[in-house]
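Participant: Here it is: the structure, laid out below.
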Amino acid sequence: MEHVAQHTDPHYDQEASKLGMWLFIFTELLLFGGLFIVYSIYRFLNPEAFQMAAHELNITIGAINTIILLVSSMTIAMSTSALQRKNKGLTVLLLEITIMLALIFLINKYFEWGVKFEHGIWPGSEKMISDMGQGEILFFGLYFIMTGLHALHIIIGMIIIIVALNRVQKGTVHADRPSLLENAGLYWHLVDLIWIFLFPLFYLIH
Amino acid sequence: MEKEKHHIVSYKVYFYILIALIVMTFMSIGITKINLGEYSVLGAMIFATVKSILVLTWFMHLKFDKPFMRFMVIFVFLVFFAVIFITFLDYYYR
Amino acid sequence: MQTAAQIPHDVSYLDYKGKHKGIFSWIFSTDHKRIALLYMYSMMVLFLVGVALGLAMKLELIAPGKTIMDPKDYNAVFTVHGVIMIFMIVIPGLPAVFGNFLLPIMIGAKDVAFPKVNLLSWYIYILGALLVIASVLFGNGTPDTGWTFYAPYSFKSGTNLLPAIFGAFVLGFSSILTGLNFIVTIHRMRTPGMTWFKMPLFPWSLYGTAWIQLLATPVVGITLVLVALERIFGIGVFDPTLGGDPVLYQHLFWIYSHPAVYVMILPAMGAISEIIPTFSQKHIFGYRAIIASTLAIAFVGYFVWGHHMFTSGMSGTAQYTFSILTFLVAIPSAIKVFNWISTMHKGSINLEVPFYWAASFIFVFMIGGLSGLVLGALATDVYVHDTAFVVAHFHFIVFGGVGFAFFGAIHYWFPKMFGRMYDKVWAKVGWAFFTIGFLTLYSPMFYLGMLGMPRRYYDYLPEFHAANILSTLGSWVMTFGLVIVIINLFRSAKNGAIAEINPWKGKTLEWTVPSPPPVENFEEIPVYGEKDGPYEY
């Protein structure tokens with residue numbers, strides 16, 4: 001017979017909270033998954049055009065952003081351990097660093113996109129339609145959509161982390177009630193995971 | 001009362017995972033500079049996959065969660081890959 | 001916040017007076033039973049709108065040429081009819097109403113895992129419905145693409161597609177949250193002693209359904225976003241002039257919309273799996289086989305979507321792969337039918353209204369399912385794709401499936417939900433008219449489709465006239481039956497005879513709580529012992 005979880009507070013089931021978050025993460029994976037399907041089909045159909053278009057992206061900025069997100073994943077993971085160790089100060093510090101790193105990522109993205117806009121390249125722009133071949137148009141369309149949707153998730157993630165940070169400071173999130181922070185961490189790792197695939201697919205086609 | 005918490009992961013472990021992730025990031029950049037033709041994609045994707053397994057297993061605590069969680073995650077990825085595979089049955093054979 | 005000690009156990013959920021007053025005690029309620037009724041009432045209004053649109057279509061088709069509307073209006077009517085019926089009725093349908101009401105009670109729980117998220121699901125549902133309605137009422141014209149929003153017309157059409165697309169996206173979110181809630185509820189809140197294999201079949205069906213809602217819906221979500229972006233920016237993903245492939249839209253759309261039909265039918269089958277044992281007073285035949293079939297349908301159902309696209313230009317390899325898998329997914333459904341019939345065999349049949357609906361469910365579902373094999377075989381599909389044959393098929397299997405199961409479920413669980421019994425004579429009269437009308441409405445469409453009458457056309461050749469007249473007459477008879485059923489239920493909810501706690505002698509947990517149940521369902525947490533089980537007759 002399966003063990004049915006006993007928990008002290010009938011209104012707080014940590015496992016349920018974690019399961020709920022993972023299920024939500026699955027929906028996000030499939031959401032981006034749809035875009036990855038589109039990407040993979042069009043890359044298969046337009047290999048050279050994708051390769052050429054990828055040259056227009058800056059690997060260095062992409063790599064820096066990748067590292068930034070990886071570090072931020074580490075810091076938020078560490079924050080969950082710090083919370084378990086009842087080290088509130090360290091938890092707060094790590095969360096603040098995570099938020100800072102997320103902000104830097106967004107700033108980088110802002111400049112990256114800004115460069116493209118300056119060159120007249122944005123979804124459906126005249127320059128795109130007149131100057132670019134079909135494969136290139138698809139590449140950049142997907143680039144903006146996928147990195148844009150990803151950036152939207154970074155913003156959402158930041159908001160969730162800020163809320164978690166606030167609750168940690170207030171003391172309503174603590175070692176015996178860590179779900180909000182742990183789930184915020186899971187969400188943030190998801191955002192990291194997506195970028196782990198976006199980076200090679202858009203920047204590293206050579 | 002059952003304590004459902006896994007043991008607390010040390011900061012050091014997290015740091016080592018990060019190092020591994022960063023190293024693999026650089027390796028994936030490097031592998032695409034080598035001209036392996038079609039296989040460059042595969043190389044970068046393999047690194048991305050290994051990186052994501054590290055993130056899932058350690059950062060996202062799957063290693064310390066109930067086996068059913070791992071099963072669910074693997075199942076979801078399998079379904080997704082099956083869907084891509086079947087979609088390619090159209091485009092590859094047109 | 002009130003604790004368990006403060007919420008009384010002798011006040012029904014209908015009468016309970018909490019923090020809010022009047023209508024707010026309903027629309028701010030996180031009680032799964034009230035949320036179920038909120039869904040039911042809103043769905044009923046939307047369903048009647050959908051029925052009206054269907055009747056309008058049938059009236060147009062009663063004669064060749066223009067009868068009551070222009071071709072453009074006809075396109076808009078079948079589009080909105082489809083969007084309402086699919087996204088607002090049959091997909092949420094049984095899970096939102098009966099899943100919400102009964103899942104916690106059937107597993108011995110007080111509520112679902114996340115009651116506030118549950119209420120949010122309903123709010124999101126209403127928002128989605130309003131967005132779709134807005135697309136009809138405001139802007140440049142009601143969407144006319146069909147509920148399938150195929151590219152390239154969906155991004156070229158001058159009609160008001162963005163609110164409709166956005167509405168469908170929002171409705172998808174509601175579906176996802178319901179699925180998420182149910183999965184966690186079933187994993188974490190089963191009563192002590194209720195192992196997975198002592199859980200009744202309706203919750204099992206909700207479990208399989210919830211996984212589909214969770215994993216498939218996001219794909220159509222992102223696809224609709226892409227169509228919207230195509231409309232707004234012209235990104236080219238589905239535009240052949242910019243390098244896109246409209247067939248890729250179809251792939252992405254059906255990657256969700258095929259599994260969606262299993263979201264529709266699995267809970268329906270789950271309800272039938274509850275009704276049949278009760279009205280046969282016999283243990284369900286093949287309990288584990290039904291569970292396995294449910295999960296098999298949910299799983300294999302992910303991989304058959306291309307059977308909607310056989311004539312789209314897919315590769316031959318894709319075509320026969322999808323065809324083989326489609327035949328494969330039919331097998332578990334057939335297993336269930338065998339199990340239901342076997343349950344009835346040598347059972348003590350209680351010929352009551354729910355059983356009427358369940359038995360006729362099996363009949364119409366079989367017709368729909370068998371016609372699906374005609375569509376699943378490549379050689380025959382070429383002839384009947386996009387004809388009235390397809391329309392007949394999906395109405396038999398979806399309307400026949402979900403509709404008959406829904407009516408069976410409401411007549412089964414009505415005494416529990418409202419504490420009153422309906423008039424059984426009127427219920428049977430309503431059933432009779434509905435069923436006869438249903439068969440008369442949809443059967444001719446098989447014939448018409450085989451003769452070549454296309455679907456989504458507002459006109460047709462003269463030789464199709466007679467069958468169309470018969471079909472339209474059927475729509476009136478069916479609607480008459482529907483009206484009788486609904487009025488009977490409405491009046492009985494207020495004035496029906498007081499119902500006992502277990503009028504049908506069922507064995508599942510909902511029949512152990514008062515009719516109607518108190519707010520927290522159980523006074524004491526039920527515990528399942530070694531010998532306990534949902535079908536121990």
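In the structure tokens, chains take the letters A, B, ... in the order shown, each chain's residues start at 1, and ligands count up from 1 in the order shown.
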Using only C-alpha atoms, find which residues of chain B lie within 8 Å of chain C and jot them down as a VMD selection string.
Facilitator: chain B and resid 76 79 82 to 83 86 to 87 89 to 91 93 to 94
Participant: Would you write out those residues with C-alpha atoms, as an mmCIF file, in the first residue's frame?
Facilitator:
data_model
loop_
_atom_site.group_PDB
_atom_site.id
_atom_site.type_symbol
_atom_site.label_atom_id
_atom_site.label_comp_id
_atom_site.auth_asym_id
_atom_site.auth_seq_id
_atom_site.Cartn_x
_atom_site.Cartn_y
_atom_site.Cartn_z
ATOM 1 C CA VAL B 76 7.734 14.368 -21.247
ATOM 2 C CA VAL B 79 6.891 12.411 -25.988
ATOM 3 C CA ALA B 82 8.597 11.389 -30.654
ATOM 4 C CA VAL B 83 6.470 14.261 -31.932
ATOM 5 C CA ILE B 86 7.091 11.900 -36.552
ATOM 6 C CA THR B 87 6.850 15.439 -37.956
ATOM 7 C CA LEU B 89 8.704 11.717 -41.288
ATOM 8 C CA ASP B 90 6.734 14.160 -43.400
ATOM 9 C CA TYR B 91 9.460 16.616 -44.331
ATOM 10 C CA TYR B 93 10.430 11.960 -47.105
ATOM 11 C CA ARG B 94 8.721 14.561 -49.255
#
Participant: Enumerate, in order of chain and increasing residue number, the residues of chain A with an atom no farther than 6 Å from chain B, each with its shortest atom pair and distance in Å to one decimal, counting only C-alpha atoms, as CSV.
Facilitator:
residue,atom,partner,partner_atom,distance
A:Ala77,CA,B:Phe59,CA,5.7
A:Met78,CA,B:Tyr11,CA,5.8
A:Ser81,CA,B:Ile8,CA,5.8
A:Leu186,CA,B:Met60,CA,5.8
A:Leu193,CA,B:Ser52,CA,5.9
A:Ile196,CA,B:Ala48,CA,5.9
A:Phe197,CA,B:Ala48,CA,6.0
A:His206,CA,B:Thr32,CA,6.0
Participant: Output as a tab-separated table one row per residue of chain C within 6 Å of chain A: the closest atom pair and its distance in Å to one decimal place, counting only C-alpha atoms, sorted by chain and residue number ascending.
Facilitator:
residue	atom	partner	partner_atom	distance
C:Leu214	CA	A:Thr27	CA	6.0
C:Leu215	CA	A:Thr27	CA	5.8
C:Pro218	CA	A:Leu31	CA	4.7
C:Val219	CA	A:Gly34	CA	5.3
C:Ile222	CA	A:Leu31	CA	5.8
C:Phe233	CA	A:Gly124	CA	4.9
C:Gly234	CA	A:Gly124	CA	4.8
C:Ile235	CA	A:Gly124	CA	5.1
C:Leu242	CA	A:Gln134	CA	5.3
C:Gly243	CA	A:Gln134	CA	4.6
Participant: Could you pull out the residues in chain B that DSSP calls helix (DSSP H, G or I) from the backbone, as a PyMOL selection string?
Facilitator: chain B and resi 11-33+39-59+62-64+67-92
Participant: Hey, can you check how far atom CA of Val398 of chain C sits from atom CA of Pro503 of chain C?
Facilitator: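 Pair atom CA of Val398 of chain C / atom CA of Pro503 of chain C returns 29.3 Å.
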Participant: Using only C-alpha atoms, determine which residues lie at most 9 Å from segment 57-59 of chain A, disregarding the query and same-chain residues fewer than 6 positions distant; provide the list as a list in words.
Facilitator: Glu112, Phe199, Phe202, Tyr203 and Leu204 of chain A; Ile29 of chain B
Participant: Please produce a file of the residues just selected, as a PDB file, in the first residue's frame, where the atoms kept are C-alpha atoms.
Facilitator:
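Just written: part01.pdb:
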ATOM      1  CA  GLU A 112      21.621  42.963 -29.301  1.00  0.00           C
ATOM      2  CA  PHE A 199      22.347  29.473 -27.772  1.00  0.00           C
ATOM      3  CA  PHE A 202      20.970  30.358 -33.154  1.00  0.00           C
ATOM      4  CA  TYR A 203      24.545  31.365 -32.486  1.00  0.00           C
ATOM      5  CA  LEU A 204      26.618  28.293 -33.182  1.00  0.00           C
TER       6      LEU A 204
ATOM      7  CA  ILE B  29      31.631  26.948 -29.148  1.00  0.00           C
TER       8      ILE B  29
END
Participant: Identify which of the residues C:Asn350, C:Ser333, C:Thr145, C:Asn118 lies closest to Phe365 of chain C, counting only C-alpha atoms when measuring atom-to-atom distances.
Facilitator: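 Under the stated criterion, the closest residue is C:Ser333.
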Participant: I want to know what sits within 9 Å of Gly221 of chain C, based on only C-alpha atoms, with residues of the same chain fewer than 2 positions away left out; could you give that as a list in words?
Facilitator: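 Contacts, with the query itself left out: Leu31 and Gly34 of chain A; Ala168, Phe169, Val170, Gly172, Phe173, Thr217, Pro218, Val219, Thr223, Leu224, Val225, Leu226 and Tyr256 of chain C.
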Participant: Got a sec: who's within 6 Å of Thr191 of chain C, counting only C-alpha atoms, leaving out chain neighbours fewer than 2 positions off, as a PyMOL selection string?
Facilitator: chain C and resi 107-108+194
Participant: Taking 4 positions as the minimum chain separation for residues in the same chain, which residues sit within 10 Å of Met106 of chain C when counting only C-alpha atoms? Answer as a ChimeraX atom specification.
Facilitator: /C:99,101-102,190-191,199-203,508-512,521,534
Participant: What is the atom CA of Asn183 of chain A to atom CA of Asn87 of chain A distance in Å?
Facilitator: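 So the answer is 18.6 Å.
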Participant: Which distance in Å separates atom CA of Leu461 of chain C and atom CA of Phe438 of chain C, to one decimal?
Facilitator: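 The value is 23.9 Å.
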Participant: Give me the residues within 10 Å of Leu351 of chain C as a list in words, counting only C-alpha atoms and dropping any in the same chain fewer than 5 places off.
Facilitator: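 Listing them by chain and then by number gives Phe279, Ser280 and Tyr356 of chain C.
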Participant: Using only C-alpha atoms, please write the residues we just selected to a file, as a PDB file, in the first residue's frame.
Facilitator:
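Output saved as result_30.pdb:
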ATOM      1  CA  PHE C 279     -26.932  -0.010 -13.195  1.00  0.00           C
ATOM      2  CA  SER C 280     -25.774  -3.577 -13.685  1.00  0.00           C
ATOM      3  CA  TYR C 356     -30.592   4.750 -21.235  1.00  0.00           C
TER       4      TYR C 356
END
